[in-house]
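Input: a single structure, listed below in structure tokens.
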Amino acid sequence: MSTQKKVLILTYYWPPSGGSGVQRWMYFAKHLKSLGWEPIVVTIDEEKASYGVLDESLNQEVDGIRVIKTSTREPLQLYSRLTTGSKKKGIPQGEVKRKSVFGKLSAFIRGNFFIPDARIGWVPFALKAARKIVAKEQITTIITTGPPHSSHLIGLQLQKEFKVNWFADFRDPWSDVFYNKDLYRRSRAVSKDLKLELQVLQAAQGIITTVGGRLHESLIEKAPAQKFYALPNGFDSELMNRGTVEKNHHYLHVVYTGLLTQNQPYNGVFKILNDLSATQPIKLSLAGNIAPDIINEIKISFPKIDTIFHGYLSHKEAVGLMKSANLLINFIFIGAQTQMISGKILEYIATEVPILSIGNPDSEAAKFLEQGTAAVMLDQSNLKEMRLFIDTVISQKDTLYNEFPSLEKWSREALTKRLIEEILN
């Protein structure tokens, strides 16, 4: 029988799911295993899941980890088929589409009939699998991570049935997440959601958040007697240090990776790049889940920019693209400017490439980002400072680096050691 300490992780997102949401506990599990723990993961069968994107390359990161995959019942694949004809392409990410009657109806149903979220149908399947594992393996420590925050309801029930230490990990806000305002929620739905959130916050052994700041503070306000741990996302130092990337000296290479929607303030930066393109060779690389209407908008409204739409890249390819840049750009979701720091930011920082982020300059994300020597967070209306920053990058294109203090403590391995020392032990 194994003498390793065991931890059960319940996460909806798991390889081959792509995107940033999967990487937090994928890397924690990977490094827990290398540090002498035995992580056991309960997740969803990818054939049944509502994943917006897939990244098969991530499977190699979790090779050798015990994974139990379950079925589910959820409406998002049906929604996607009705809106796009595909069970994957139309799964909502980062925004709520309300322009059409169907969009408004979908938002209302999503906001009032699927509490806390549209993946609530996974709960009974995951709970059944988790019960068996807890009993058979004599598990004493459980982690649930959200979104989807319905995952925490599994931990809540397991805690009632077994003597376990259960920690709930909040990657994003729950009841006050920025897009809830667009779901036409009635007071009954709002009340039910708040009640579930409070039950989780009060019952868990401890609450983990990705950073300090407003998300951390708002949860503390709701459950002041609870234990809270701020454990940020990090970067994969092995991947970041793998190989060198040759930068092109003949143009300014600007890179954006990740999700890009109409709910992000990208217009100001693109307008400046378009204007500069008249006299300065600029190449704009966009990689990730870029909304088709934004691709069309860039082609029509910013035609002078030499833009390459890479589509979704594997994590390794995305990091390589970041490292090839002279300037990395980022756009915080409107309404979420004070709530969160995206996992992408730490990867941006680890490249040492200058960073221009558009969001709230007084937010925790801004304070964190601006510890670097060539990184700023600017309001979307501050076109003058955007232009000055970009001009600085152009004038020092081959010599300007974004140096960040004590960068090594933000590596995935270092953060996993903190997880063990501060929470699991």
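Within each chain, counting starts at residue 1; across the structure tokens, chains are named A, B, ... in the order shown, with ligands numbered 1 upward in that order.
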Cut-off 9 Å: closest stretch 90-148 of chain A/stretch 9-14 of chain A atom pairs per residue, using only C-alpha atoms, as CSV:
```
residue,atom,partner,partner_atom,distance
A:Arg119,CA,A:Tyr12,CA,8.7
A:Trp122,CA,A:Tyr12,CA,8.2
A:Ala126,CA,A:Leu10,CA,7.8
A:Ala130,CA,A:Leu10,CA,8.2
A:Thr141,CA,A:Ile9,CA,8.8
A:Ile142,CA,A:Ile9,CA,5.9
A:Ile143,CA,A:Ile9,CA,4.8
A:Thr144,CA,A:Leu10,CA,4.8
A:Thr145,CA,A:Thr11,CA,5.7
A:Gly146,CA,A:Thr11,CA,7.4
A:Pro147,CA,A:Tyr12,CA,8.2
A:Pro148,CA,A:Tyr12,CA,7.1
```
Next, the residues of the selection above should be written as a PDB file, in the first residue's frame with N, CA and C atoms.
```pdb
ATOM      1  N   ARG A 119     -23.231  24.068 -15.272  1.00  0.00           N
ATOM      2  CA  ARG A 119     -22.562  22.763 -15.159  1.00  0.00           C
ATOM      3  C   ARG A 119     -22.969  22.031 -13.886  1.00  0.00           C
ATOM      4  N   TRP A 122     -23.116  18.161 -13.503  1.00  0.00           N
ATOM      5  CA  TRP A 122     -21.966  17.298 -13.246  1.00  0.00           C
ATOM      6  C   TRP A 122     -21.914  16.826 -11.797  1.00  0.00           C
ATOM      7  N   ALA A 126     -20.036  13.364 -10.272  1.00  0.00           N
ATOM      8  CA  ALA A 126     -18.754  13.524  -9.584  1.00  0.00           C
ATOM      9  C   ALA A 126     -18.864  13.099  -8.130  1.00  0.00           C
ATOM     10  N   ALA A 130     -16.593  10.376  -6.273  1.00  0.00           N
ATOM     11  CA  ALA A 130     -15.775  10.834  -5.148  1.00  0.00           C
ATOM     12  C   ALA A 130     -16.055  10.032  -3.888  1.00  0.00           C
ATOM     13  N   THR A 141      -8.081  14.621   2.759  1.00  0.00           N
ATOM     14  CA  THR A 141      -7.964  15.996   2.253  1.00  0.00           C
ATOM     15  C   THR A 141      -8.574  16.089   0.859  1.00  0.00           C
ATOM     16  N   ILE A 142      -9.469  17.057   0.686  1.00  0.00           N
ATOM     17  CA  ILE A 142     -10.176  17.246  -0.581  1.00  0.00           C
ATOM     18  C   ILE A 142     -10.041  18.699  -1.018  1.00  0.00           C
ATOM     19  N   ILE A 143      -9.813  18.897  -2.323  1.00  0.00           N
ATOM     20  CA  ILE A 143      -9.808  20.232  -2.925  1.00  0.00           C
ATOM     21  C   ILE A 143     -10.913  20.285  -3.977  1.00  0.00           C
ATOM     22  N   THR A 144     -11.756  21.311  -3.932  1.00  0.00           N
ATOM     23  CA  THR A 144     -12.666  21.593  -5.046  1.00  0.00           C
ATOM     24  C   THR A 144     -12.271  22.945  -5.619  1.00  0.00           C
ATOM     25  N   THR A 145     -12.366  23.072  -6.935  1.00  0.00           N
ATOM     26  CA  THR A 145     -11.971  24.335  -7.557  1.00  0.00           C
ATOM     27  C   THR A 145     -13.047  24.829  -8.517  1.00  0.00           C
ATOM     28  N   GLY A 146     -13.316  26.107  -8.479  1.00  0.00           N
ATOM     29  CA  GLY A 146     -14.311  26.707  -9.355  1.00  0.00           C
ATOM     30  C   GLY A 146     -13.822  28.057  -9.869  1.00  0.00           C
ATOM     31  N   PRO A 147     -14.366  28.483 -11.009  1.00  0.00           N
ATOM     32  CA  PRO A 147     -15.537  27.923 -11.671  1.00  0.00           C
ATOM     33  C   PRO A 147     -15.260  26.618 -12.408  1.00  0.00           C
ATOM     34  N   PRO A 148     -16.372  25.831 -12.641  1.00  0.00           N
ATOM     35  CA  PRO A 148     -17.729  26.118 -12.179  1.00  0.00           C
ATOM     36  C   PRO A 148     -17.827  25.967 -10.668  1.00  0.00           C
TER      37      PRO A 148
END
```
Where in stretch 231-383 of chain A does DSSP assign alpha helix (DSSP H), given as an mmCIF file with N, CA and C atoms, in the first residue's frame?
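As a result, part.cif now contains:
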```cif
data_model
loop_
_atom_site.group_PDB
_atom_site.id
_atom_site.type_symbol
_atom_site.label_atom_id
_atom_site.label_comp_id
_atom_site.auth_asym_id
_atom_site.auth_seq_id
_atom_site.Cartn_x
_atom_site.Cartn_y
_atom_site.Cartn_z
ATOM 1 N N SER A 237 8.318 27.162 -15.124
ATOM 2 C CA SER A 237 9.694 27.600 -15.347
ATOM 3 C C SER A 237 10.408 26.716 -16.362
ATOM 4 N N GLU A 238 10.094 25.429 -16.365
ATOM 5 C CA GLU A 238 10.717 24.522 -17.329
ATOM 6 C C GLU A 238 10.348 24.912 -18.757
ATOM 7 N N LEU A 239 9.063 25.184 -18.969
ATOM 8 C CA LEU A 239 8.601 25.581 -20.291
ATOM 9 C C LEU A 239 9.143 26.958 -20.672
ATOM 10 N N MET A 240 9.163 27.869 -19.699
ATOM 11 C CA MET A 240 9.605 29.240 -19.973
ATOM 12 C C MET A 240 11.090 29.290 -20.330
ATOM 13 N N ASN A 267 -9.985 48.614 -28.241
ATOM 14 C CA ASN A 267 -10.016 49.578 -29.346
ATOM 15 C C ASN A 267 -8.894 50.608 -29.301
ATOM 16 N N GLY A 268 -8.609 51.143 -28.118
ATOM 17 C CA GLY A 268 -7.597 52.197 -28.015
ATOM 18 C C GLY A 268 -6.232 51.732 -28.476
ATOM 19 N N VAL A 269 -5.806 50.561 -28.012
ATOM 20 C CA VAL A 269 -4.497 50.033 -28.387
ATOM 21 C C VAL A 269 -4.437 49.757 -29.879
ATOM 22 N N PHE A 270 -5.484 49.132 -30.415
ATOM 23 C CA PHE A 270 -5.482 48.802 -31.845
ATOM 24 C C PHE A 270 -5.476 50.062 -32.715
ATOM 25 N N LYS A 271 -6.158 51.122 -32.253
ATOM 26 C CA LYS A 271 -6.161 52.380 -33.012
ATOM 27 C C LYS A 271 -4.751 52.975 -33.058
ATOM 28 N N ILE A 272 -4.052 52.952 -31.918
ATOM 29 C CA ILE A 272 -2.692 53.490 -31.880
ATOM 30 C C ILE A 272 -1.771 52.676 -32.782
ATOM 31 N N LEU A 273 -1.881 51.357 -32.719
ATOM 32 C CA LEU A 273 -1.049 50.507 -33.570
ATOM 33 C C LEU A 273 -1.350 50.745 -35.047
ATOM 34 N N ASN A 274 -2.611 50.956 -35.354
ATOM 35 C CA ASN A 274 -3.006 51.235 -36.742
ATOM 36 C C ASN A 274 -2.388 52.549 -37.225
ATOM 37 N N ASP A 275 -2.433 53.577 -36.363
ATOM 38 C CA ASP A 275 -1.852 54.876 -36.722
ATOM 39 C C ASP A 275 -0.331 54.773 -36.896
ATOM 40 N N LEU A 276 0.308 54.058 -35.975
ATOM 41 C CA LEU A 276 1.760 53.919 -36.029
ATOM 42 C C LEU A 276 2.223 53.123 -37.248
ATOM 43 N N PRO A 292 -15.110 35.792 -33.796
ATOM 44 C CA PRO A 292 -15.115 36.089 -35.236
ATOM 45 C C PRO A 292 -15.473 37.530 -35.557
ATOM 46 N N ASP A 293 -16.388 38.126 -34.781
ATOM 47 C CA ASP A 293 -16.767 39.509 -35.073
ATOM 48 C C ASP A 293 -15.612 40.471 -34.778
ATOM 49 N N ILE A 294 -14.741 40.103 -33.846
ATOM 50 C CA ILE A 294 -13.574 40.949 -33.569
ATOM 51 C C ILE A 294 -12.551 40.824 -34.689
ATOM 52 N N ILE A 295 -12.376 39.628 -35.206
ATOM 53 C CA ILE A 295 -11.468 39.438 -36.348
ATOM 54 C C ILE A 295 -11.916 40.309 -37.521
ATOM 55 N N ASN A 296 -13.216 40.304 -37.809
ATOM 56 C CA ASN A 296 -13.749 41.140 -38.892
ATOM 57 C C ASN A 296 -13.573 42.622 -38.597
ATOM 58 N N GLU A 297 -13.788 42.992 -37.340
ATOM 59 C CA GLU A 297 -13.645 44.397 -36.955
ATOM 60 C C GLU A 297 -12.208 44.875 -37.157
ATOM 61 N N ILE A 298 -11.248 44.060 -36.785
ATOM 62 C CA ILE A 298 -9.836 44.443 -36.932
ATOM 63 C C ILE A 298 -9.489 44.604 -38.412
ATOM 64 N N LYS A 299 -9.971 43.696 -39.239
ATOM 65 C CA LYS A 299 -9.681 43.781 -40.675
ATOM 66 C C LYS A 299 -10.265 45.046 -41.298
ATOM 67 N N ILE A 300 -11.453 45.431 -40.841
ATOM 68 C CA ILE A 300 -12.141 46.590 -41.421
ATOM 69 C C ILE A 300 -11.671 47.910 -40.800
ATOM 70 N N SER A 301 -11.594 47.932 -39.458
ATOM 71 C CA SER A 301 -11.320 49.193 -38.752
ATOM 72 C C SER A 301 -9.839 49.504 -38.584
ATOM 73 N N HIS A 315 -0.381 25.222 -25.392
ATOM 74 C CA HIS A 315 0.248 26.054 -24.364
ATOM 75 C C HIS A 315 1.718 26.302 -24.695
ATOM 76 N N LYS A 316 2.421 25.274 -25.122
ATOM 77 C CA LYS A 316 3.832 25.403 -25.483
ATOM 78 C C LYS A 316 4.006 26.401 -26.623
ATOM 79 N N GLU A 317 3.158 26.314 -27.650
ATOM 80 C CA GLU A 317 3.243 27.230 -28.783
ATOM 81 C C GLU A 317 2.918 28.657 -28.370
ATOM 82 N N ALA A 318 1.936 28.804 -27.474
ATOM 83 C CA ALA A 318 1.550 30.136 -27.010
ATOM 84 C C ALA A 318 2.691 30.801 -26.248
ATOM 85 N N VAL A 319 3.362 30.040 -25.394
ATOM 86 C CA VAL A 319 4.507 30.592 -24.655
ATOM 87 C C VAL A 319 5.619 30.987 -25.618
ATOM 88 N N GLY A 320 5.868 30.172 -26.632
ATOM 89 C CA GLY A 320 6.872 30.511 -27.632
ATOM 90 C C GLY A 320 6.543 31.807 -28.348
ATOM 91 N N LEU A 321 5.257 31.998 -28.658
ATOM 92 C CA LEU A 321 4.828 33.231 -29.322
ATOM 93 C C LEU A 321 5.026 34.428 -28.401
ATOM 94 N N MET A 322 4.686 34.284 -27.118
ATOM 95 C CA MET A 322 4.898 35.367 -26.158
ATOM 96 C C MET A 322 6.367 35.772 -26.121
ATOM 97 N N LYS A 323 7.242 34.800 -26.066
ATOM 98 C CA LYS A 323 8.681 35.066 -25.954
ATOM 99 C C LYS A 323 9.246 35.746 -27.208
ATOM 100 N N GLY A 343 -4.382 34.258 -14.990
ATOM 101 C CA GLY A 343 -3.222 33.393 -14.958
ATOM 102 C C GLY A 343 -2.211 33.746 -16.025
ATOM 103 N N LYS A 344 -2.693 34.314 -17.108
ATOM 104 C CA LYS A 344 -1.814 34.692 -18.219
ATOM 105 C C LYS A 344 -0.798 35.752 -17.813
ATOM 106 N N ILE A 345 -1.158 36.628 -16.880
ATOM 107 C CA ILE A 345 -0.289 37.738 -16.510
ATOM 108 C C ILE A 345 1.065 37.246 -15.999
ATOM 109 N N LEU A 346 1.058 36.201 -15.176
ATOM 110 C CA LEU A 346 2.330 35.718 -14.647
ATOM 111 C C LEU A 346 3.188 35.094 -15.747
ATOM 112 N N GLU A 347 2.562 34.476 -16.726
ATOM 113 C CA GLU A 347 3.337 33.964 -17.854
ATOM 114 C C GLU A 347 3.895 35.124 -18.672
ATOM 115 N N TYR A 348 3.090 36.144 -18.876
ATOM 116 C CA TYR A 348 3.590 37.352 -19.540
ATOM 117 C C TYR A 348 4.821 37.890 -18.800
ATOM 118 N N ILE A 349 4.706 38.017 -17.486
ATOM 119 C CA ILE A 349 5.791 38.562 -16.682
ATOM 120 C C ILE A 349 7.056 37.711 -16.809
ATOM 121 N N ALA A 350 6.880 36.393 -16.806
ATOM 122 C CA ALA A 350 8.032 35.490 -16.830
ATOM 123 C C ALA A 350 8.824 35.574 -18.135
ATOM 124 N N THR A 351 8.208 36.057 -19.215
ATOM 125 C CA THR A 351 8.929 36.188 -20.488
ATOM 126 C C THR A 351 9.928 37.337 -20.470
ATOM 127 N N GLU A 364 -5.576 45.784 -7.788
ATOM 128 C CA GLU A 364 -4.496 44.931 -7.300
ATOM 129 C C GLU A 364 -3.672 44.384 -8.456
ATOM 130 N N ALA A 365 -4.358 44.091 -9.566
ATOM 131 C CA ALA A 365 -3.645 43.596 -10.747
ATOM 132 C C ALA A 365 -2.629 44.629 -11.224
ATOM 133 N N ALA A 366 -3.023 45.898 -11.195
ATOM 134 C CA ALA A 366 -2.116 46.967 -11.618
ATOM 135 C C ALA A 366 -0.909 47.073 -10.694
ATOM 136 N N LYS A 367 -1.174 47.012 -9.378
ATOM 137 C CA LYS A 367 -0.078 47.111 -8.405
ATOM 138 C C LYS A 367 0.903 45.950 -8.574
ATOM 139 N N PHE A 368 0.350 44.782 -8.833
ATOM 140 C CA PHE A 368 1.198 43.600 -9.019
ATOM 141 C C PHE A 368 2.019 43.734 -10.293
ATOM 142 N N LEU A 369 1.349 44.072 -11.378
ATOM 143 C CA LEU A 369 2.002 44.165 -12.681
ATOM 144 C C LEU A 369 3.105 45.210 -12.692
ATOM 145 N N LEU A 383 -5.268 57.298 -23.851
ATOM 146 C CA LEU A 383 -4.584 57.039 -25.114
ATOM 147 C C LEU A 383 -3.194 57.679 -25.158
#
```
Legend entry - Contacts of stretch 220-232 of chain A within 8 Å, only C-alpha atoms, excl. fewer than 4 positions in-chain, as a VMD selection string: chain A and resid 198 201 to 202 205 to 212 216 410 415 418 to 419 423
Legend entry - Secondary structure check, strand (DSSP E) residues of stretch 21-74 of chain A, as an MDAnalysis selection string: chainID A and resid 37:44 66:70
Take the selection from the previous step and output its residues with N, CA and C atoms, as a compact mmCIF listing (two decimals), in the first residue's frame.
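Saved to result17.txt:
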```
# COMPACT_ATOMS: atom_id res chain seq x y z
N TRP A 37 3.53 13.58 -2.92
CA TRP A 37 2.11 13.38 -2.67
C TRP A 37 1.50 12.52 -3.77
N GLU A 38 0.32 11.99 -3.48
CA GLU A 38 -0.43 11.25 -4.49
C GLU A 38 -1.74 11.98 -4.78
N PRO A 39 -1.76 12.82 -5.82
CA PRO A 39 -3.02 13.47 -6.19
C PRO A 39 -3.93 12.49 -6.94
N ILE A 40 -5.19 12.48 -6.58
CA ILE A 40 -6.20 11.70 -7.29
C ILE A 40 -7.25 12.69 -7.79
N VAL A 41 -7.54 12.65 -9.07
CA VAL A 41 -8.40 13.67 -9.69
C VAL A 41 -9.72 13.05 -10.12
N VAL A 42 -10.82 13.71 -9.75
CA VAL A 42 -12.13 13.39 -10.31
C VAL A 42 -12.51 14.54 -11.24
N THR A 43 -12.78 14.21 -12.49
CA THR A 43 -13.12 15.22 -13.48
C THR A 43 -14.18 14.66 -14.41
N ILE A 44 -14.43 15.33 -15.49
CA ILE A 44 -15.47 14.93 -16.44
C ILE A 44 -14.84 14.31 -17.68
N ARG A 66 -3.47 9.65 -11.28
CA ARG A 66 -4.72 8.89 -11.28
C ARG A 66 -5.89 9.84 -11.55
N VAL A 67 -6.66 9.53 -12.56
CA VAL A 67 -7.79 10.38 -12.96
C VAL A 67 -9.03 9.51 -13.14
N ILE A 68 -10.11 9.92 -12.50
CA ILE A 68 -11.41 9.25 -12.66
C ILE A 68 -12.31 10.21 -13.42
N LYS A 69 -12.81 9.77 -14.58
CA LYS A 69 -13.65 10.63 -15.42
C LYS A 69 -15.09 10.17 -15.36
N THR A 70 -16.01 11.13 -15.25
CA THR A 70 -17.42 10.83 -15.09
C THR A 70 -18.24 11.38 -16.25
```
Inset, instruction - Counting only C-alpha atoms, figure out which residue out of A:Ala414, A:Ile290, A:Val164, A:Ile355 gets nearest to A:Met377. - result: A:Ile355
